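Containing compact mmCIF, C-alpha atoms: input.txt.
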# COMPACT_ATOMS: atom_id res chain seq x y z
CA MET H 1 47.21 -156.69 -5.46
CA PRO H 2 45.14 -153.97 -3.72
CA ASP H 3 45.24 -150.54 -5.35
CA ILE H 4 47.19 -148.96 -2.48
CA LEU H 5 49.91 -151.61 -2.81
CA LYS H 6 50.02 -151.10 -6.58
CA LYS H 7 50.57 -147.38 -6.06
CA LEU H 8 53.30 -148.00 -3.50
CA ASP H 9 54.95 -150.48 -5.85
CA TYR H 10 54.77 -147.95 -8.70
CA TRP H 11 56.41 -145.19 -6.69
CA SER H 12 59.02 -147.59 -5.34
CA ASP H 13 59.96 -148.42 -8.94
CA ARG H 14 60.20 -144.73 -9.85
CA ILE H 15 62.44 -143.97 -6.87
CA THR H 16 64.65 -146.97 -7.63
CA ASP H 17 64.92 -145.85 -11.25
CA ARG H 18 66.22 -142.42 -10.22
CA LEU H 19 68.60 -143.81 -7.62
CA MET H 20 70.04 -146.42 -9.99
CA ARG H 21 70.67 -143.93 -12.78
CA ARG H 22 72.35 -141.41 -10.46
CA MET H 23 74.46 -143.80 -8.41
CA PRO H 24 78.22 -143.28 -8.72
CA GLY H 25 80.05 -146.19 -10.26
CA PRO H 26 81.16 -147.59 -13.61
CA ARG H 27 80.03 -145.71 -16.69
CA LEU H 28 79.75 -146.79 -20.28
CA ASN H 29 80.77 -144.13 -22.77
CA ILE H 30 78.41 -144.01 -25.74
CA PRO H 31 79.92 -142.21 -28.75
CA VAL H 32 77.81 -139.38 -30.11
CA SER H 33 79.42 -139.33 -33.55
CA ARG H 34 77.25 -141.95 -35.24
CA PRO H 35 73.65 -143.22 -34.76
CA VAL H 36 73.40 -146.80 -33.50
CA VAL H 37 70.14 -148.74 -33.02
CA SER H 38 69.48 -152.06 -31.28
CA PHE H 39 66.16 -153.89 -31.68
CA THR H 40 65.43 -156.03 -28.63
CA PHE H 41 62.63 -158.36 -27.53
CA ASP H 42 61.51 -159.28 -24.02
CA ASP H 43 60.01 -162.59 -22.74
CA VAL H 44 60.11 -163.76 -25.86
CA PRO H 45 56.87 -164.64 -27.77
CA ASP H 46 57.29 -167.09 -30.65
CA THR H 47 56.29 -164.37 -33.15
CA ALA H 48 59.42 -162.47 -32.17
CA LEU H 49 61.22 -165.31 -33.93
CA THR H 50 58.90 -166.02 -36.85
CA ASN H 51 58.22 -162.36 -37.64
CA GLY H 52 60.63 -160.14 -35.71
CA ALA H 53 63.85 -162.06 -36.37
CA ARG H 54 62.79 -162.75 -39.97
CA ILE H 55 62.30 -159.04 -40.70
CA LEU H 56 65.68 -158.19 -39.19
CA GLU H 57 67.38 -160.94 -41.18
CA ASP H 58 65.67 -159.82 -44.39
CA HIS H 59 67.44 -156.49 -43.86
CA GLY H 60 70.76 -158.17 -43.09
CA VAL H 61 70.83 -157.31 -39.36
CA HIS H 62 70.28 -159.05 -36.02
CA GLY H 63 68.65 -158.34 -32.66
CA THR H 64 68.82 -159.16 -28.96
CA PHE H 65 66.27 -161.50 -27.39
CA TYR H 66 65.91 -161.50 -23.61
CA ILE H 67 64.67 -164.94 -22.54
CA ALA H 68 62.97 -166.00 -19.27
CA GLY H 69 63.35 -169.78 -19.07
CA SER H 70 60.18 -170.44 -17.06
CA LEU H 71 58.06 -169.01 -19.90
CA GLU H 72 59.24 -171.67 -22.37
CA GLY H 73 56.33 -172.77 -24.58
CA GLN H 74 53.63 -171.21 -22.38
CA ILE H 75 50.35 -170.35 -24.03
CA GLU H 76 48.87 -167.08 -22.82
CA PRO H 77 46.01 -164.88 -24.04
CA GLY H 78 47.12 -163.44 -27.37
CA ARG H 79 50.53 -165.07 -27.51
CA THR H 80 52.59 -168.24 -27.20
CA LEU H 81 56.07 -168.02 -25.72
CA ILE H 82 59.12 -169.27 -27.57
CA SER H 83 60.17 -172.91 -27.27
CA ARG H 84 63.63 -174.20 -26.39
CA GLU H 85 64.10 -175.07 -30.05
CA GLY H 86 63.09 -171.55 -31.05
CA CYS H 87 65.61 -170.07 -28.64
CA ARG H 88 68.30 -172.28 -30.14
CA ALA H 89 67.27 -171.24 -33.66
CA LEU H 90 67.68 -167.56 -32.77
CA ALA H 91 71.24 -168.16 -31.62
CA GLN H 92 72.07 -170.25 -34.68
CA GLN H 93 70.78 -167.46 -36.92
CA GLY H 94 73.19 -164.99 -35.34
CA HIS H 95 70.93 -163.21 -32.86
CA GLU H 96 71.95 -162.46 -29.29
CA ILE H 97 70.36 -164.39 -26.43
CA GLY H 98 70.09 -162.31 -23.27
CA CYS H 99 68.72 -162.95 -19.77
CA HIS H 100 65.31 -161.81 -18.46
CA THR H 101 65.40 -163.75 -15.14
CA PHE H 102 64.09 -167.33 -15.03
CA SER H 103 60.81 -166.71 -13.22
CA HIS H 104 59.95 -163.38 -14.88
CA THR H 105 59.38 -161.93 -11.41
CA LYS H 106 59.96 -158.24 -10.72
CA VAL H 107 63.48 -158.29 -9.28
CA SER H 108 62.62 -155.89 -6.45
CA HIS H 109 60.16 -158.52 -5.17
CA MET H 110 62.95 -161.05 -4.64
CA GLY H 111 65.51 -161.03 -1.84
CA ASN H 112 69.13 -161.20 -2.94
CA ARG H 113 69.50 -164.89 -2.22
CA ARG H 114 66.40 -165.77 -4.23
CA LEU H 115 67.43 -163.35 -6.99
CA ALA H 116 70.90 -164.89 -7.32
CA ALA H 117 69.43 -168.40 -7.47
CA ASP H 118 66.88 -167.33 -10.07
CA LEU H 119 69.54 -165.75 -12.28
CA GLN H 120 71.77 -168.79 -11.95
CA ARG H 121 68.87 -171.01 -12.98
CA ASN H 122 68.28 -168.92 -16.09
CA LYS H 123 72.00 -168.98 -16.90
CA ALA H 124 71.91 -172.77 -16.84
CA TYR H 125 68.84 -172.74 -19.07
CA LEU H 126 70.34 -170.31 -21.59
CA ASP H 127 73.70 -172.09 -21.61
CA SER H 128 71.91 -175.34 -22.44
CA VAL H 129 70.51 -173.86 -25.66
CA ALA H 130 73.02 -171.14 -26.57
CA PRO H 131 76.27 -171.53 -24.60
CA GLN H 132 78.67 -168.60 -24.39
CA GLU H 133 81.69 -167.75 -22.26
CA ARG H 134 81.27 -163.98 -21.96
CA ARG H 135 78.75 -162.39 -19.61
CA ARG H 136 75.30 -161.94 -21.10
CA ASN H 137 73.21 -158.80 -21.26
CA PHE H 138 70.06 -158.46 -19.17
CA ALA H 139 66.67 -156.76 -19.33
CA TYR H 140 64.65 -156.09 -16.17
CA PRO H 141 61.18 -157.65 -16.14
CA TYR H 142 58.63 -154.82 -16.13
CA ASN H 143 61.59 -152.42 -16.61
CA ALA H 144 61.97 -152.31 -12.81
CA GLY H 145 65.36 -152.67 -11.12
CA SER H 146 66.48 -153.44 -7.59
CA PHE H 147 68.64 -150.97 -5.66
CA TRP H 148 69.74 -153.61 -3.17
CA GLY H 149 70.47 -156.17 -5.89
CA ARG H 150 72.64 -153.88 -8.01
CA GLY H 151 75.84 -155.70 -7.02
CA ILE H 152 74.42 -159.01 -8.23
CA PHE H 153 73.60 -157.56 -11.64
CA GLY H 154 76.94 -155.79 -11.94
CA SER H 155 78.86 -159.01 -11.34
CA ARG H 156 76.80 -161.15 -13.70
CA PHE H 157 75.95 -159.00 -16.72
CA GLU H 158 77.64 -156.67 -19.18
CA THR H 159 74.59 -154.39 -19.18
CA CYS H 160 71.06 -154.25 -17.86
CA ARG H 161 68.31 -152.52 -19.83
CA ALA H 162 65.28 -150.80 -18.38
CA GLY H 163 62.82 -148.40 -20.03
CA GLY H 164 62.71 -144.65 -19.56
CA GLU H 165 62.05 -143.55 -23.16
CA ARG H 166 65.39 -141.95 -23.86
CA ILE H 167 68.41 -142.35 -26.14
CA ASN H 168 71.70 -143.41 -24.53
CA ARG H 169 74.38 -140.76 -25.04
CA GLY H 170 77.72 -139.99 -23.43
CA ALA H 171 78.44 -141.54 -20.02
CA VAL H 172 75.58 -143.86 -19.01
CA ASN H 173 75.07 -146.39 -16.24
CA PRO H 174 75.53 -149.84 -17.85
CA ALA H 175 73.32 -151.33 -15.13
CA PHE H 176 70.35 -149.20 -16.22
CA LEU H 177 70.42 -148.50 -19.94
CA TRP H 178 67.59 -146.43 -21.41
CA GLY H 179 65.09 -148.16 -23.71
CA VAL H 180 62.19 -147.06 -25.93
CA GLU H 181 59.18 -149.36 -26.08
CA ILE H 182 57.40 -150.43 -29.26
CA ARG H 183 53.83 -151.08 -28.10
CA GLN H 184 50.17 -150.39 -28.78
CA PRO H 185 48.25 -148.52 -30.00
CA GLU H 186 49.48 -149.20 -33.51
CA SER H 187 49.40 -145.51 -34.40
CA HIS H 188 51.84 -144.90 -31.54
CA ALA H 189 54.13 -147.74 -32.69
CA ARG H 190 54.18 -146.46 -36.28
CA GLY H 191 55.02 -142.98 -35.04
CA LEU H 192 58.16 -144.17 -33.28
CA THR H 193 60.09 -143.29 -36.42
CA HIS H 194 60.43 -139.87 -34.76
CA TRP H 195 62.92 -141.42 -32.34
CA ILE H 196 65.06 -142.45 -35.30
CA ASP H 197 64.83 -138.95 -36.71
CA ARG H 198 65.96 -137.55 -33.35
CA LEU H 199 68.86 -140.01 -33.31
CA ILE H 200 70.01 -138.76 -36.70
CA ALA H 201 69.87 -135.17 -35.47
CA GLU H 202 71.76 -136.00 -32.26
CA PRO H 203 73.56 -139.38 -32.47
CA GLY H 204 73.85 -141.91 -29.68
CA TRP H 205 72.53 -145.42 -28.99
CA LEU H 206 68.79 -146.01 -29.35
CA ILE H 207 67.59 -149.31 -27.86
CA PHE H 208 64.09 -150.30 -28.94
CA PHE H 209 62.28 -153.07 -27.08
CA THR H 210 59.05 -154.90 -27.75
CA HIS H 211 57.43 -158.30 -27.30
CA ASP H 212 55.23 -159.95 -29.95
CA ILE H 213 55.13 -159.11 -33.66
CA ALA H 214 51.72 -160.35 -34.74
CA PRO H 215 48.66 -159.52 -36.90
CA GLN H 216 46.72 -158.89 -33.68
CA PRO H 217 49.43 -157.91 -31.22
CA THR H 218 49.10 -157.73 -27.48
CA ASP H 219 49.32 -154.34 -25.81
CA PHE H 220 53.09 -154.83 -25.65
CA GLY H 221 53.82 -155.60 -29.31
CA CYS H 222 53.10 -154.42 -32.83
CA THR H 223 52.27 -155.75 -36.29
CA ALA H 224 54.88 -157.03 -38.71
CA GLU H 225 54.09 -154.11 -41.02
CA THR H 226 54.91 -151.58 -38.32
CA PHE H 227 58.07 -153.37 -37.25
CA GLU H 228 59.18 -153.55 -40.88
CA ARG H 229 58.55 -149.80 -41.16
CA LEU H 230 60.76 -149.07 -38.17
CA VAL H 231 63.62 -151.31 -39.30
CA ALA H 232 63.50 -149.99 -42.87
CA HIS H 233 63.40 -146.36 -41.71
CA THR H 234 66.36 -146.96 -39.41
CA LEU H 235 68.51 -148.37 -42.20
CA ALA H 236 67.32 -145.91 -44.84
CA LEU H 237 68.58 -143.02 -42.69
CA GLY H 238 71.99 -144.62 -42.36
CA CYS H 239 71.86 -145.89 -38.79
CA THR H 240 74.01 -148.84 -37.78
CA VAL H 241 71.85 -151.69 -36.43
CA LEU H 242 73.56 -154.08 -34.00
CA PRO H 243 72.60 -156.49 -31.21
CA VAL H 244 73.47 -155.10 -27.79
CA ARG H 245 76.56 -157.35 -27.46
CA ASP H 246 78.02 -156.17 -30.79
CA ALA H 247 77.37 -152.50 -30.06
CA LEU H 248 79.14 -152.89 -26.72
CA GLU H 249 82.09 -154.61 -28.32
CA GLN H 250 82.63 -151.73 -30.69
CA PHE H 251 82.02 -149.07 -28.05
CA SER H 252 84.54 -150.68 -25.67
CA ALA H 253 87.12 -151.02 -28.45
CA GLY H 254 86.78 -147.32 -29.16
CA ARG H 255 85.66 -147.99 -32.70
CA HIS H 256 82.80 -146.37 -34.54
CA PRO H 257 80.16 -149.04 -35.29
CA SER H 258 80.04 -149.75 -38.99

Output the file's structure in the form of structure tokens.
Amino acid sequence: MPDILKKLDYWSDRITDRLMRRMPGPRLNIPVSRPVVSFTFDDVPDTALTNGARILEDHGVHGTFYIAGSLEGQIEPGRTLISREGCRALAQQGHEIGCHTFSHTKVSHMGNRRLAADLQRNKAYLDSVAPQERRRNFAYPYNAGSFWGRGIFGSRFETCRAGGERINRGAVNPAFLWGVEIRQPESHARGLTHWIDRLIAEPGWLIFFTHDIAPQPTDFGCTAETFERLVAHTLALGCTVLPVRDALEQFSAGRHPS
């Protein structure tokens, strides 16, 4: 893509982000009486299962894994994407399986008809490995939403997560939840404990997201040691760690996560 088009695409994403977050409509009330953390994974590389899920389970907690069906088993520079069997294993181990589109295309680059077909295709894929009756949760590829497709997302998903580097507190737009990325450089990823400290000082719902958990991570992941540090710090400070679906269940029931 030529540089001028990349710049236009970037600013289009930023404008959409602001519009989506400020649009009137349904709001999800996030209690500010207790710190809640969700660890989530996008795409999902196979090391998110072998390392990420394992670390969470070792601490007695679970995460949310946003799967794009077309990436199944693909081998890319620095990572291999999760297999169908791996996706099934995550569900069997108690983790949440969310949607990340089927094609892993930026949703603003698809018309509504193509977008709806793509999401339906991923639903069929996910239901074939981890069937569920309730609506799933969603994460936008590249953290970029679609203003014109907002009705499609609202009718299909409980929530949609973007980026934005902020903690969810009070009344938030469920179609554009804030997320904090765990990524390279490793010094940056290790330093993300400061977000947990901020959550303790001012409670809400902190949603971390990352990709691979590997000895030599891609730019969008971290090492197992760093991920272990973040999970351990979260629990040591008394935060409640829940998959997105479980946090929502307790928020909607008006209960304090425990």

Under the rule of at most 10 Å, produce a per-residue listing of stretch 10-62 of chain H near stretch 203-219 of chain H: chain, number, name, the closest pair of atoms, and the distance in Å, as JSON lines, using only C-alpha atoms.
{"residue": "H:Ile30", "atom": "CA", "partner": "H:Gly204", "partner_atom": "CA", "distance": 6.4}
{"residue": "H:Pro31", "atom": "CA", "partner": "H:Gly204", "partner_atom": "CA", "distance": 6.1}
{"residue": "H:Val32", "atom": "CA", "partner": "H:Gly204", "partner_atom": "CA", "distance": 4.7}
{"residue": "H:Ser33", "atom": "CA", "partner": "H:Pro203", "partner_atom": "CA", "distance": 6.0}
{"residue": "H:Arg34", "atom": "CA", "partner": "H:Pro203", "partner_atom": "CA", "distance": 5.3}
{"residue": "H:Pro35", "atom": "CA", "partner": "H:Pro203", "partner_atom": "CA", "distance": 4.5}
{"residue": "H:Val36", "atom": "CA", "partner": "H:Trp205", "partner_atom": "CA", "distance": 4.8}
{"residue": "H:Val37", "atom": "CA", "partner": "H:Leu206", "partner_atom": "CA", "distance": 4.8}
{"residue": "H:Ser38", "atom": "CA", "partner": "H:Ile207", "partner_atom": "CA", "distance": 4.8}
{"residue": "H:Phe39", "atom": "CA", "partner": "H:Phe208", "partner_atom": "CA", "distance": 5.0}
{"residue": "H:Thr40", "atom": "CA", "partner": "H:Phe209", "partner_atom": "CA", "distance": 4.6}
{"residue": "H:Phe41", "atom": "CA", "partner": "H:Thr210", "partner_atom": "CA", "distance": 5.0}
{"residue": "H:Asp42", "atom": "CA", "partner": "H:His211", "partner_atom": "CA", "distance": 5.3}
{"residue": "H:Asp43", "atom": "CA", "partner": "H:His211", "partner_atom": "CA", "distance": 6.8}
{"residue": "H:Val44", "atom": "CA", "partner": "H:His211", "partner_atom": "CA", "distance": 6.3}
{"residue": "H:Pro45", "atom": "CA", "partner": "H:Asp212", "partner_atom": "CA", "distance": 5.4}
{"residue": "H:Asp46", "atom": "CA", "partner": "H:Asp212", "partner_atom": "CA", "distance": 7.5}
{"residue": "H:Thr47", "atom": "CA", "partner": "H:Ile213", "partner_atom": "CA", "distance": 5.4}
{"residue": "H:Ala48", "atom": "CA", "partner": "H:Asp212", "partner_atom": "CA", "distance": 5.4}
{"residue": "H:Leu49", "atom": "CA", "partner": "H:Ile213", "partner_atom": "CA", "distance": 8.7}
{"residue": "H:Thr50", "atom": "CA", "partner": "H:Ile213", "partner_atom": "CA", "distance": 8.5}
{"residue": "H:Asn51", "atom": "CA", "partner": "H:Ile213", "partner_atom": "CA", "distance": 6.0}
{"residue": "H:Gly52", "atom": "CA", "partner": "H:Ile213", "partner_atom": "CA", "distance": 6.0}
{"residue": "H:Ala53", "atom": "CA", "partner": "H:Ile213", "partner_atom": "CA", "distance": 9.6}

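Residue nearest H:Glu85 within the list H:Ser128, H:Thr101, H:Gln120, H:Asn112: H:Ser128 [criterion: smallest interatomic distance, only C-alpha atoms].
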
12 Å contact set for H:Ala116, only C-alpha atoms, chain neighbours under 2 positions out, as a PyMOL selection string = chain H and resi 101-103+107+110-114+118-123+149-156

query = Which of these residues is nearest to H:Glu181, using all atoms listed in the file: H:Asn168, H:Phe157, H:Leu28, H:Asn143?
reply = H:Asn143

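With distances restricted to only C-alpha atoms, H:His233 is the closest residue to H:Arg190 from H:Arg54, H:Arg245, H:Arg21, H:His233.
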
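Taking atom CA of H:His62 and atom CA of H:Ala124 as endpoints, the distance between them is 23.6 Å.
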
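The coordinates place atom CA of H:Ser187 at 28.7 Å from atom CA of H:Gln74.
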
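Among the candidates H:Ala171, H:Thr226, H:Arg198, H:Pro185, the residue lying nearest to H:Arg27 is H:Ala171 (atoms considered: all atoms listed in the file).
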
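The two atoms in question, atom CA of H:Pro174 and atom CA of H:Ala162, are spaced 10.3 Å apart.
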
query = For H:Pro26, which of H:Val180, H:Val172, H:Cys87, H:Ala117 is the closest residue, counting only C-alpha atoms?
reply = H:Val172

What would stretch 166-184 of chain H look like with N, CA, C and O atoms in place, written as an mmCIF file, keeping the file's coordinate frame?
data_model
loop_
_atom_site.group_PDB
_atom_site.id
_atom_site.type_symbol
_atom_site.label_atom_id
_atom_site.label_comp_id
_atom_site.auth_asym_id
_atom_site.auth_seq_id
_atom_site.Cartn_x
_atom_site.Cartn_y
_atom_site.Cartn_z
ATOM 1 N N ARG H 166 64.319 -142.896 -23.599
ATOM 2 C CA ARG H 166 65.390 -141.950 -23.860
ATOM 3 C C ARG H 166 66.501 -142.633 -24.660
ATOM 4 O O ARG H 166 66.652 -143.855 -24.588
ATOM 5 N N ILE H 167 67.268 -141.849 -25.389
ATOM 6 C CA ILE H 167 68.410 -142.350 -26.140
ATOM 7 C C ILE H 167 69.638 -142.316 -25.243
ATOM 8 O O ILE H 167 69.848 -141.364 -24.488
ATOM 9 N N ASN H 168 70.457 -143.361 -25.303
ATOM 10 C CA ASN H 168 71.700 -143.410 -24.530
ATOM 11 C C ASN H 168 72.768 -142.574 -25.230
ATOM 12 O O ASN H 168 73.067 -142.792 -26.409
ATOM 13 N N ARG H 169 73.331 -141.628 -24.487
ATOM 14 C CA ARG H 169 74.380 -140.760 -25.040
ATOM 15 C C ARG H 169 75.415 -140.470 -23.957
ATOM 16 O O ARG H 169 75.071 -140.308 -22.785
ATOM 17 N N GLY H 170 76.675 -140.358 -24.372
ATOM 18 C CA GLY H 170 77.720 -139.990 -23.430
ATOM 19 C C GLY H 170 77.930 -141.041 -22.364
ATOM 20 O O GLY H 170 77.870 -142.247 -22.631
ATOM 21 N N ALA H 171 78.189 -140.622 -21.130
ATOM 22 C CA ALA H 171 78.440 -141.540 -20.020
ATOM 23 C C ALA H 171 77.114 -142.006 -19.426
ATOM 24 O O ALA H 171 76.345 -141.208 -18.894
ATOM 25 N N VAL H 172 76.836 -143.299 -19.535
ATOM 26 C CA VAL H 172 75.580 -143.860 -19.010
ATOM 27 C C VAL H 172 75.898 -144.997 -18.055
ATOM 28 O O VAL H 172 76.968 -145.605 -18.104
ATOM 29 N N ASN H 173 74.946 -145.289 -17.197
ATOM 30 C CA ASN H 173 75.070 -146.390 -16.240
ATOM 31 C C ASN H 173 74.788 -147.700 -16.978
ATOM 32 O O ASN H 173 73.659 -147.925 -17.418
ATOM 33 N N PRO H 174 75.772 -148.599 -17.126
ATOM 34 C CA PRO H 174 75.530 -149.840 -17.850
ATOM 35 C C PRO H 174 74.538 -150.766 -17.152
ATOM 36 O O PRO H 174 73.990 -151.676 -17.766
ATOM 37 N N ALA H 175 74.279 -150.519 -15.872
ATOM 38 C CA ALA H 175 73.320 -151.330 -15.130
ATOM 39 C C ALA H 175 71.891 -150.830 -15.264
ATOM 40 O O ALA H 175 70.974 -151.420 -14.690
ATOM 41 N N PHE H 176 71.700 -149.749 -16.061
ATOM 42 C CA PHE H 176 70.350 -149.200 -16.220
ATOM 43 C C PHE H 176 70.256 -148.440 -17.531
ATOM 44 O O PHE H 176 69.972 -147.235 -17.555
ATOM 45 N N LEU H 177 70.491 -149.131 -18.630
ATOM 46 C CA LEU H 177 70.420 -148.500 -19.940
ATOM 47 C C LEU H 177 68.994 -148.032 -20.239
ATOM 48 O O LEU H 177 68.012 -148.663 -19.827
ATOM 49 N N TRP H 178 68.892 -146.933 -20.976
ATOM 50 C CA TRP H 178 67.590 -146.430 -21.410
ATOM 51 C C TRP H 178 67.056 -147.287 -22.563
ATOM 52 O O TRP H 178 67.818 -147.759 -23.408
ATOM 53 N N GLY H 179 65.740 -147.455 -22.611
ATOM 54 C CA GLY H 179 65.090 -148.160 -23.710
ATOM 55 C C GLY H 179 63.814 -147.450 -24.123
ATOM 56 O O GLY H 179 63.192 -146.748 -23.317
ATOM 57 N N VAL H 180 63.428 -147.636 -25.379
ATOM 58 C CA VAL H 180 62.190 -147.060 -25.930
ATOM 59 C C VAL H 180 61.289 -148.203 -26.357
ATOM 60 O O VAL H 180 61.697 -149.058 -27.156
ATOM 61 N N GLU H 181 60.070 -148.233 -25.849
ATOM 62 C CA GLU H 181 59.180 -149.360 -26.080
ATOM 63 C C GLU H 181 58.351 -149.222 -27.353
ATOM 64 O O GLU H 181 57.751 -148.180 -27.603
ATOM 65 N N ILE H 182 58.297 -150.298 -28.108
ATOM 66 C CA ILE H 182 57.400 -150.430 -29.260
ATOM 67 C C ILE H 182 56.163 -151.170 -28.770
ATOM 68 O O ILE H 182 56.217 -152.363 -28.483
ATOM 69 N N ARG H 183 55.042 -150.477 -28.662
ATOM 70 C CA ARG H 183 53.830 -151.080 -28.100
ATOM 71 C C ARG H 183 52.601 -150.448 -28.722
ATOM 72 O O ARG H 183 52.689 -149.559 -29.559
ATOM 73 N N GLN H 184 51.440 -150.920 -28.297
ATOM 74 C CA GLN H 184 50.170 -150.390 -28.780
ATOM 75 C C GLN H 184 49.859 -149.043 -28.136
ATOM 76 O O GLN H 184 50.403 -148.717 -27.068
#
